[in-house]
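A.B. asks: I am sharing run18.txt, which consists of compact mmCIF, C-alpha atoms:
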```
# COMPACT_ATOMS: atom_id res chain seq x y z
CA MET A 1 0.00 0.00 0.00
CA SER A 2 1.30 3.46 -0.76
CA ARG A 3 0.15 6.99 -0.26
CA ILE A 4 0.01 9.37 -3.21
CA ASP A 5 -0.01 13.10 -2.52
CA VAL A 6 -2.51 14.81 -4.80
CA MET A 7 -3.43 18.22 -3.33
CA LYS A 8 -5.70 19.27 -6.18
CA ASP A 9 -8.92 21.22 -6.08
CA ILE A 10 -11.81 18.83 -6.68
CA LEU A 11 -13.74 21.47 -8.59
CA GLN A 12 -10.67 22.36 -10.68
CA ALA A 13 -12.52 21.58 -13.91
CA ASN A 14 -14.99 24.34 -13.03
CA ILE A 15 -12.24 26.73 -11.95
CA ASP A 16 -10.33 26.16 -15.23
CA VAL A 17 -13.37 27.20 -17.27
CA ALA A 18 -14.06 30.11 -14.90
CA ASP A 19 -10.47 31.27 -15.50
CA GLN A 20 -11.07 31.21 -19.27
CA ILE A 21 -14.20 33.33 -18.81
CA ARG A 22 -12.31 35.70 -16.49
CA ALA A 23 -9.51 36.07 -19.06
CA ARG A 24 -12.01 36.97 -21.77
CA PHE A 25 -13.73 39.51 -19.52
CA ALA A 26 -10.33 40.98 -18.62
CA TYR A 27 -9.43 41.29 -22.31
CA ASP A 28 -12.79 42.88 -23.17
CA ARG A 29 -12.76 44.92 -19.92
CA THR A 30 -16.20 43.61 -19.11
CA LEU A 31 -17.56 43.91 -15.60
CA ALA A 32 -19.28 40.62 -14.72
CA LEU A 33 -21.67 40.28 -11.79
CA ASN A 34 -23.07 36.98 -10.46
CA LEU A 35 -26.45 37.57 -8.79
CA ILE A 36 -27.39 35.11 -6.05
CA ALA A 37 -30.69 34.99 -4.14
CA SER A 38 -33.61 32.84 -3.07
CA PRO A 39 -36.44 32.38 -5.58
CA GLY A 40 -38.64 35.47 -5.53
CA ALA A 41 -36.18 37.87 -3.89
CA GLY A 42 -36.26 40.11 -6.95
CA LYS A 43 -33.19 39.16 -8.99
CA THR A 44 -34.92 39.55 -12.34
CA SER A 45 -36.73 42.71 -11.22
CA LEU A 46 -33.39 44.24 -10.19
CA LEU A 47 -31.92 43.21 -13.54
CA GLU A 48 -34.84 44.83 -15.36
CA ARG A 49 -34.37 48.04 -13.38
CA THR A 50 -30.63 47.88 -14.12
CA VAL A 51 -30.78 47.28 -17.86
CA ALA A 52 -33.67 49.73 -18.38
CA THR A 53 -31.41 52.62 -17.28
CA LEU A 54 -27.90 51.41 -18.06
CA LYS A 55 -28.58 50.11 -21.60
CA ASP A 56 -28.17 53.70 -22.83
CA GLU A 57 -24.76 54.00 -21.15
CA PHE A 58 -23.20 50.55 -21.60
CA THR A 59 -23.33 47.51 -23.87
CA ILE A 60 -24.95 44.84 -21.70
CA GLY A 61 -25.40 41.08 -21.98
CA VAL A 62 -27.49 38.98 -19.61
CA VAL A 63 -27.28 35.28 -18.73
CA GLU A 64 -30.31 33.83 -16.97
CA GLY A 65 -30.30 30.60 -14.96
CA ASP A 66 -33.46 28.68 -14.09
CA LEU A 67 -34.51 25.05 -13.86
CA VAL A 68 -37.02 25.42 -16.70
CA THR A 69 -38.66 28.08 -18.91
CA SER A 70 -37.26 31.16 -20.65
CA LEU A 71 -39.55 33.52 -18.73
CA ASP A 72 -36.64 35.51 -17.29
CA ALA A 73 -34.67 35.87 -20.52
CA ASP A 74 -37.91 36.98 -22.19
CA ARG A 75 -38.37 39.69 -19.53
CA ILE A 76 -34.86 41.02 -20.19
CA ALA A 77 -35.19 40.77 -23.98
CA ARG A 78 -38.24 43.05 -23.83
CA HIS A 79 -35.82 45.84 -22.85
CA GLY A 80 -33.88 45.30 -26.07
CA VAL A 81 -30.90 43.79 -24.25
CA PRO A 82 -29.52 40.43 -25.44
CA ALA A 83 -30.28 37.65 -22.95
CA VAL A 84 -29.57 33.92 -23.02
CA GLN A 85 -31.44 31.45 -20.85
CA ILE A 86 -29.70 28.46 -19.26
CA ASN A 87 -32.05 25.70 -18.11
CA THR A 88 -30.42 23.46 -15.51
CA THR A 89 -33.48 21.10 -15.42
CA SER A 90 -32.80 20.04 -11.86
CA GLY A 91 -29.41 21.62 -11.20
CA CYS A 92 -29.41 23.84 -8.11
CA HIS A 93 -26.70 26.27 -9.31
CA LEU A 94 -24.89 27.47 -12.43
CA GLU A 95 -21.48 26.07 -13.33
CA ALA A 96 -18.81 27.77 -15.41
CA HIS A 97 -19.18 25.56 -18.50
CA GLN A 98 -22.89 26.45 -18.71
CA VAL A 99 -22.06 30.16 -18.55
CA GLN A 100 -19.35 29.75 -21.18
CA GLY A 101 -21.89 28.08 -23.48
CA ALA A 102 -24.40 30.86 -22.87
CA LEU A 103 -21.83 33.61 -23.51
CA ALA A 104 -21.09 32.01 -26.89
CA GLN A 105 -24.75 32.54 -27.82
CA LEU A 106 -24.66 36.26 -27.04
CA PRO A 107 -23.71 38.69 -29.85
CA ASP A 108 -19.99 38.52 -30.54
CA THR A 109 -19.22 42.05 -29.36
CA PRO A 110 -17.28 43.10 -26.28
CA PHE A 111 -19.68 43.96 -23.48
CA ASP A 112 -19.16 46.66 -20.85
CA LEU A 113 -21.34 44.72 -18.44
CA VAL A 114 -22.43 41.09 -18.18
CA LEU A 115 -25.07 40.22 -15.60
CA ILE A 116 -25.45 36.57 -14.64
CA GLU A 117 -28.60 35.64 -12.74
CA ASN A 118 -27.95 32.41 -10.87
CA VAL A 119 -30.55 29.76 -10.09
CA GLY A 120 -32.84 30.87 -7.25
CA ASN A 121 -31.05 29.35 -4.27
CA LEU A 122 -29.20 30.95 -1.37
CA VAL A 123 -26.96 27.93 -0.71
CA CYS A 124 -25.49 26.09 -3.71
CA PRO A 125 -24.48 28.91 -6.09
CA THR A 126 -22.03 30.32 -3.53
CA GLY A 127 -19.45 27.56 -4.12
CA PHE A 128 -19.11 27.85 -7.91
CA ASP A 129 -16.81 30.36 -9.55
CA LEU A 130 -18.28 31.64 -12.83
CA GLY A 131 -15.39 33.96 -13.69
CA GLU A 132 -17.26 36.97 -12.33
CA ASP A 133 -15.73 40.11 -10.81
CA ALA A 134 -18.17 40.08 -7.91
CA LYS A 135 -21.02 38.13 -6.44
CA VAL A 136 -24.06 40.15 -5.42
CA VAL A 137 -26.51 38.66 -2.92
CA ILE A 138 -30.10 39.90 -3.05
CA VAL A 139 -32.37 39.36 -0.08
CA SER A 140 -35.89 40.71 0.24
CA LEU A 141 -37.45 42.04 3.39
CA THR A 142 -40.31 39.53 3.04
CA GLU A 143 -37.82 36.69 3.66
CA GLY A 144 -37.14 37.96 7.18
CA ASP A 145 -34.22 39.90 8.62
CA ASP A 146 -32.48 36.81 10.05
CA LYS A 147 -31.50 35.29 6.69
CA PRO A 148 -27.83 36.39 6.73
CA LEU A 149 -27.43 34.55 10.04
CA LYS A 150 -29.17 31.42 8.78
CA TYR A 151 -27.54 31.36 5.32
CA PRO A 152 -24.18 33.03 5.93
CA GLY A 153 -22.37 31.36 3.01
CA ALA A 154 -23.83 33.61 0.33
CA PHE A 155 -23.10 36.73 2.39
CA THR A 156 -19.50 35.77 3.17
CA VAL A 157 -18.61 35.36 -0.54
CA ALA A 158 -20.52 38.41 -1.80
CA THR A 159 -19.09 41.87 -2.48
CA ALA A 160 -22.45 43.61 -2.30
CA ALA A 161 -25.84 42.89 -0.77
CA VAL A 162 -29.12 44.33 -2.02
CA ILE A 163 -32.01 44.42 0.45
CA ASN A 164 -35.06 44.50 -1.80
CA LYS A 165 -38.80 45.13 -1.33
CA ILE A 166 -38.25 47.89 1.25
CA ASP A 167 -41.57 49.41 0.12
CA LEU A 168 -43.27 46.58 2.04
CA ALA A 169 -41.63 47.57 5.34
CA PRO A 170 -44.86 49.00 6.86
CA TYR A 171 -46.57 45.62 6.49
CA LEU A 172 -43.77 43.37 7.74
CA PRO A 173 -42.24 42.58 11.12
CA ALA A 174 -38.78 42.42 9.48
CA SER A 175 -36.51 45.47 9.64
CA ALA A 176 -34.11 46.58 6.91
CA ALA A 177 -31.78 48.01 9.58
CA ILE A 178 -31.56 44.64 11.35
CA LEU A 179 -31.14 42.80 8.06
CA ARG A 180 -28.28 45.17 7.20
CA LYS A 181 -26.66 44.65 10.61
CA ASN A 182 -26.95 40.86 10.30
CA ALA A 183 -25.47 40.92 6.79
CA LEU A 184 -22.52 43.02 7.97
CA SER A 185 -21.98 40.72 10.95
CA THR A 186 -21.21 37.84 8.54
CA ASN A 187 -19.15 40.03 6.19
CA PRO A 188 -18.17 43.55 7.30
CA ASN A 189 -16.79 44.31 3.81
CA LEU A 190 -20.23 44.12 2.17
CA VAL A 191 -21.54 47.16 0.33
CA VAL A 192 -25.24 47.20 1.26
CA PHE A 193 -28.09 48.73 -0.75
CA GLU A 194 -31.75 49.06 0.19
CA THR A 195 -34.06 49.04 -2.81
CA SER A 196 -37.59 48.63 -4.03
CA CYS A 197 -37.78 47.41 -7.60
CA THR A 198 -41.50 48.23 -7.49
CA THR A 199 -41.19 51.93 -6.59
CA GLY A 200 -37.60 52.49 -7.74
CA ALA A 201 -36.47 53.59 -4.27
CA GLY A 202 -32.74 53.16 -3.71
CA ILE A 203 -32.09 51.99 -7.28
CA ASP A 204 -29.92 55.02 -8.10
CA ALA A 205 -27.33 54.11 -5.46
CA TRP A 206 -27.16 50.57 -6.82
CA LEU A 207 -26.78 51.85 -10.40
CA ASP A 208 -23.98 54.20 -9.31
CA TRP A 209 -22.14 51.23 -7.79
CA VAL A 210 -22.49 49.29 -11.07
CA ARG A 211 -21.33 52.35 -13.03
CA ALA A 212 -18.28 52.69 -10.78
CA GLY A 213 -17.51 48.99 -11.27
CA CYS A 214 -17.70 49.36 -15.05
CA ALA A 215 -15.41 52.41 -14.92
CA ALA A 216 -12.89 50.58 -12.72
CA LYS A 217 -12.86 47.60 -15.09
CA LYS A 218 -12.34 49.91 -18.08
CA ALA A 219 -9.37 51.49 -16.33
CA ALA A 220 -7.84 48.16 -15.27
CA ARG A 221 -4.97 46.76 -17.29
CA PRO A 222 -6.01 43.38 -18.77
CA ASP A 223 -3.05 41.63 -17.14
CA ALA A 224 -3.69 43.20 -13.74
CA MET B 1 -27.52 19.94 -1.86
CA HIS B 2 -25.27 19.39 -4.87
CA GLU B 3 -23.09 16.81 -3.09
CA LEU B 4 -24.01 14.23 -5.74
CA SER B 5 -22.22 16.19 -8.47
CA VAL B 6 -19.24 17.23 -6.33
CA THR B 7 -18.81 13.62 -5.19
CA GLN B 8 -18.68 12.55 -8.84
CA ALA B 9 -15.97 15.19 -9.39
CA LEU B 10 -14.08 13.79 -6.39
CA ILE B 11 -14.29 10.23 -7.76
CA ASP B 12 -13.21 11.39 -11.25
CA LEU B 13 -10.14 13.10 -9.81
CA ALA B 14 -9.26 10.12 -7.58
CA MET B 15 -9.61 7.73 -10.57
CA GLN B 16 -7.36 9.90 -12.70
CA GLU B 17 -4.69 10.05 -9.99
CA GLY B 18 -5.05 6.34 -9.13
CA ARG B 19 -4.71 5.21 -12.74
CA ALA B 20 -1.69 7.46 -13.26
CA ALA B 21 -0.05 5.74 -10.29
CA GLY B 22 -0.94 2.26 -11.60
CA ALA B 23 -3.29 1.48 -8.71
CA ARG B 24 -5.29 -1.75 -8.65
CA ARG B 25 -7.39 -0.35 -5.85
CA ILE B 26 -7.83 2.92 -4.01
CA THR B 27 -8.27 2.15 -0.33
CA ALA B 28 -8.53 5.63 1.22
CA LEU B 29 -8.97 9.28 0.26
CA THR B 30 -8.17 12.32 2.35
CA VAL B 31 -10.37 15.28 1.47
CA ARG B 32 -10.04 18.86 2.69
CA VAL B 33 -13.38 20.63 3.19
CA GLY B 34 -13.70 24.30 4.12
CA ALA B 35 -16.49 25.35 6.45
CA LEU B 36 -17.66 28.06 4.04
CA THR B 37 -18.13 25.73 1.05
CA GLY B 38 -21.50 24.51 2.30
CA ILE B 39 -20.41 20.96 1.42
CA VAL B 40 -21.59 18.41 3.98
CA PRO B 41 -18.97 15.65 4.46
CA GLU B 42 -21.53 13.11 5.70
CA SER B 43 -23.48 13.61 2.49
CA VAL B 44 -20.33 13.18 0.36
CA THR B 45 -19.65 9.88 2.15
CA PHE B 46 -23.20 8.74 1.46
CA TYR B 47 -22.95 9.44 -2.28
CA PHE B 48 -19.42 8.08 -2.45
CA GLU B 49 -20.64 4.62 -1.43
CA MET B 50 -23.22 4.78 -4.19
CA LEU B 51 -21.13 6.32 -7.00
CA GLY B 52 -17.93 4.44 -6.11
CA LYS B 53 -19.45 1.01 -6.79
CA GLY B 54 -17.65 -0.81 -9.60
CA THR B 55 -14.74 1.66 -9.60
CA LEU B 56 -11.16 1.44 -8.30
CA ALA B 57 -12.35 3.29 -5.22
CA GLU B 58 -15.20 0.97 -4.26
CA GLY B 59 -15.28 0.62 -0.48
CA ALA B 60 -12.49 3.19 0.04
CA GLU B 61 -12.36 4.97 3.38
CA LEU B 62 -13.02 8.71 3.26
CA ARG B 63 -11.12 10.92 5.71
CA TYR B 64 -11.88 14.61 6.06
CA GLU B 65 -9.67 17.51 7.06
CA LYS B 66 -12.11 20.20 8.07
CA ILE B 67 -10.81 23.73 7.52
CA PHE B 68 -12.25 26.67 9.42
CA PRO B 69 -11.82 30.30 8.44
CA GLU B 70 -9.68 32.61 10.52
CA ALA B 71 -10.75 36.03 11.70
CA ARG B 72 -8.58 38.94 10.54
CA CYS B 73 -8.77 42.37 12.15
CA ARG B 74 -9.52 44.98 9.50
CA ARG B 75 -7.76 47.69 11.55
CA CYS B 76 -4.40 46.12 12.36
CA GLY B 77 -4.30 42.87 10.34
CA HIS B 78 -4.00 40.64 13.42
CA THR B 79 -5.35 37.15 12.66
CA ALA B 80 -6.91 34.87 15.22
CA PRO B 81 -8.54 31.48 15.16
CA LEU B 82 -12.25 31.86 15.80
CA SER B 83 -12.64 32.20 19.52
CA ALA B 84 -15.66 29.90 19.78
CA GLN B 85 -14.41 26.40 20.35
CA PRO B 86 -17.46 24.20 20.60
CA ASP B 87 -17.16 20.72 19.14
CA GLU B 88 -16.17 20.42 15.54
CA GLU B 89 -19.62 19.51 14.22
CA THR B 90 -21.20 22.55 15.83
CA ARG B 91 -18.59 24.86 14.38
CA PHE B 92 -19.16 23.37 11.00
CA SER B 93 -22.81 24.28 11.18
CA TYR B 94 -21.92 27.99 11.40
CA ALA B 95 -22.62 28.41 15.13
CA TRP B 96 -19.12 29.95 15.39
CA LEU B 97 -20.35 32.93 13.39
CA GLU B 98 -22.15 34.30 16.42
CA ALA B 99 -18.87 34.44 18.29
CA PHE B 100 -17.21 35.98 15.23
CA ALA B 101 -19.68 38.88 15.26
CA GLY B 102 -18.69 39.87 18.80
CA MET B 103 -14.90 39.31 18.58
CA VAL B 104 -12.54 41.91 20.01
CA CYS B 105 -8.99 42.18 18.61
CA ALA B 106 -6.41 41.06 21.16
CA GLN B 107 -3.84 43.36 19.55
CA CYS B 108 -5.65 46.69 18.98
CA GLY B 109 -9.01 46.31 20.74
CA ALA B 110 -11.06 46.93 17.60
CA GLN B 111 -14.30 45.06 16.92
CA ASP B 112 -13.90 44.89 13.17
CA PHE B 113 -13.07 41.43 11.83
CA GLU B 114 -13.40 39.72 8.47
CA LEU B 115 -13.29 36.01 7.65
CA ILE B 116 -10.30 34.63 5.77
CA GLY B 117 -10.21 31.19 4.12
CA GLY B 118 -12.51 28.24 4.63
CA HIS B 119 -13.34 27.83 0.92
CA ASP B 120 -11.21 24.71 0.36
CA PHE B 121 -12.50 21.59 -1.35
CA ALA B 122 -9.47 19.53 -2.32
CA LEU B 123 -8.25 15.96 -2.64
CA VAL B 124 -5.17 15.89 -0.38
CA SER B 125 -4.02 12.32 -0.98
CA ILE B 126 -5.07 8.79 -1.89
CA GLU B 127 -3.86 5.44 -0.60
CA ILE B 128 -3.50 2.74 -3.22
CA GLU B 129 -2.66 -0.94 -3.59
```
Give the structure from this file in structure tokens form.
C.D. replies:
Amino acid sequence: MSRIDVMKDILQANIDVADQIRARFAYDRTLALNLIASPGAGKTSLLERTVATLKDEFTIGVVEGDLVTSLDADRIARHGVPAVQINTTSGCHLEAHQVQGALAQLPDTPFDLVLIENVGNLVCPTGFDLGEDAKVVIVSLTEGDDKPLKYPGAFTVATAAVINKIDLAPYLPASAAILRKNALSTNPNLVVFETSCTTGAGIDAWLDWVRAGCAAKKAARPDA
Amino acid sequence: MHELSVTQALIDLAMQEGRAAGARRITALTVRVGALTGIVPESVTFYFEMLGKGTLAEGAELRYEKIFPEARCRRCGHTAPLSAQPDEETRFSYAWLEAFAGMVCAQCGAQDFELIGGHDFALVSIEIE
């Protein structure tokens, strides 16, 4: 019997593809965001709000992940922004090879911004690198303000957190301030936004953050 | 939740390494799992028994090295192991995060920590015959 040292990442196949995607985005100076949230938190609504305003400032491509249907890609396409739908059938998260396949179906032009909407799930998507610049976790007030404590994984890997549906605050026991505090307790580096995709409240601050990210990526050297 | 697919990736990697070493049988695997991956070792073991059947690794023993994140002070850079030290299983279920939220830096007194590491999921070694 002998022992063989391996010391290799088990998900290396995914990381290799994510690195290829990252290299392409670096070359094109594309800001890529991976949006993670429970089903119904408002991922697609936030994307709609985002593309409706930013499509006049940036070239944008959208990748949508869902088990079945192209409902989300259809919603984005109505804004005149190219969107490709990935159907995972039963898969609980997106993997890099799926995103690479979807990107190949988008128009062959360099994008300023690529938005990837992960499968609705606050657990599984956190562990899979898609070559993005940042993960954004979206959590709605209707889910309760304790979610960052109960599902810390998504918050620890995210760069930004969007607290959505704040227009419903008067009708809910949950508090945006407590949700914010709980999110920051799992990851003090989080940039936190409070939005309502229904009324448009707080969307401007989120859009400014995306604009700043696009500008930073434009200014970055591809090999940096 | 997706342990089925990550266990298949683990078996694929072990097969590749075992074949390269001319193994007739893989008897044990040591796997490093970070607490922030969300991967449940017990679940990996369950699927391993199922997916490993008929492969070089059928019946192999799975050993886990559990990796916990460290807390790093954002003011002075001091790093500390997480101060909560309940049993390993409890820590793996995120209970240590409560302690993390209230940690005070032993070096500068600040209450401003971030988590470092804990994202590992790696095959450390295999034992072959």
A.B. asks: Do a neighbour search on range 143-154 of chain A at 7 Å with all atoms listed in the file, toss out local chain neighbours closer than 6 positions, and write the hits as a list in words.
C.D. replies: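 So, after excluding close chain neighbours, the residues are Leu122, Val123, Thr126, Val137, Ala174, Ser175, Ala176, Ile178, Leu179, Asn182, Ala183 and Thr186 of chain A; Leu36 and Gly38 of chain B.
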A.B. asks: Define the interface residues of chain B facing chain A as those within 6 Å, counting all atoms listed in the file, and report them as a list in words.
C.D. replies: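 So the contacting residues turn out to be Leu10, Leu36, Thr37, Ala101, Phe121, Ala122, Leu123, Val124, Ser125, Ile126, Glu127, Ile128 and Glu129 of chain B.
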A.B. asks: Just want the 8 Å neighbourhood of Ala23 in chain B, counted on all atoms listed in the file, with same-chain residues fewer than 2 positions away dropped. Output as a VMD selection string.
C.D. replies: chain B and resid 18 to 21 25 to 26 56 128 to 129
A.B. asks: With all atoms listed in the file as the basis for distance, which of A:Arg24, A:Arg49, A:Lys135, A:Lys43 is at the shortest distance from Asp108 in chain A?
C.D. replies: A:Arg24
A.B. asks: CA of Phe111 in chain A and CA of Thr59 in chain A are how many Å apart?
C.D. replies: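 Taking CA of Phe111 in chain A as the start and CA of Thr59 in chain A as the end point, the length is 5.1 Å.
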A.B. asks: For Cys105 in chain B, please output as an MDAnalysis selection string all residues within 8 Å (counting only C-alpha atoms; exclusion window: fewer than 5 positions along the same chain).
C.D. replies: chainID B and resid 73 78 110:113
A.B. asks: To one decimal place in Å, what is the distance between CA of Thr199 in chain A and CA of Lys165 in chain A?
C.D. replies: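 According to the coordinates, CA of Thr199 in chain A and CA of Lys165 in chain A are separated by 8.9 Å.
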A.B. asks: Measure the distance from CA of Phe58 in chain A to CA of Asp204 in chain A in Å and round it to one decimal.
C.D. replies: 15.7 Å
A.B. asks: For Leu106 in chain A, which of A:Ile86, A:Leu130, A:Ile138, A:Val63 is the closest residue, counting only C-alpha atoms?
C.D. replies: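 Smallest separation from Leu106 in chain A among the options: A:Val63.
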A.B. asks: Extract, using only C-alpha atoms, all DNA, RNA and protein residues at most 12 Å from Thr53 in chain A, discarding same-chain residues fewer than 4 positions from it, and format them as a list in words.
C.D. replies: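 What passes the distance filter is Leu46, Leu47, Glu48, Arg49, Glu57, Phe58, Thr59, Ile60, His79, Gly80, Val81, Gly200, Ile203, Asp204, Trp206, Leu207, Asp208, Val210 and Arg211 of chain A.
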A.B. asks: For Ala9 in chain B, which residue among B:Leu62, B:Val104, B:Leu51, B:Pro69 is the nearest when counting all atoms listed in the file?
C.D. replies: B:Leu51
A.B. asks: Edge lengths and centre, in Å to one decimal, as JSON: that's what I need for the box along x, y and z that holds all listed atoms of range 79-83 of chain B plus 5 Å on each side.
C.D. replies:
```
{"center_x": -9.0, "center_y": 34.3, "center_z": 16.1, "size_x": 17.3, "size_y": 15.7, "size_z": 16.9}
```
A.B. asks: Show me as a list in words the residues that reach within 9 Å of (-3.1, 49.4, 17.3), counting all atoms listed in the file and using the file's own coordinates.
C.D. replies: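 Here the neighbourhood of the point contains Arg75, Cys76, Gln107, Cys108, Gly109 and Ala110 of chain B.
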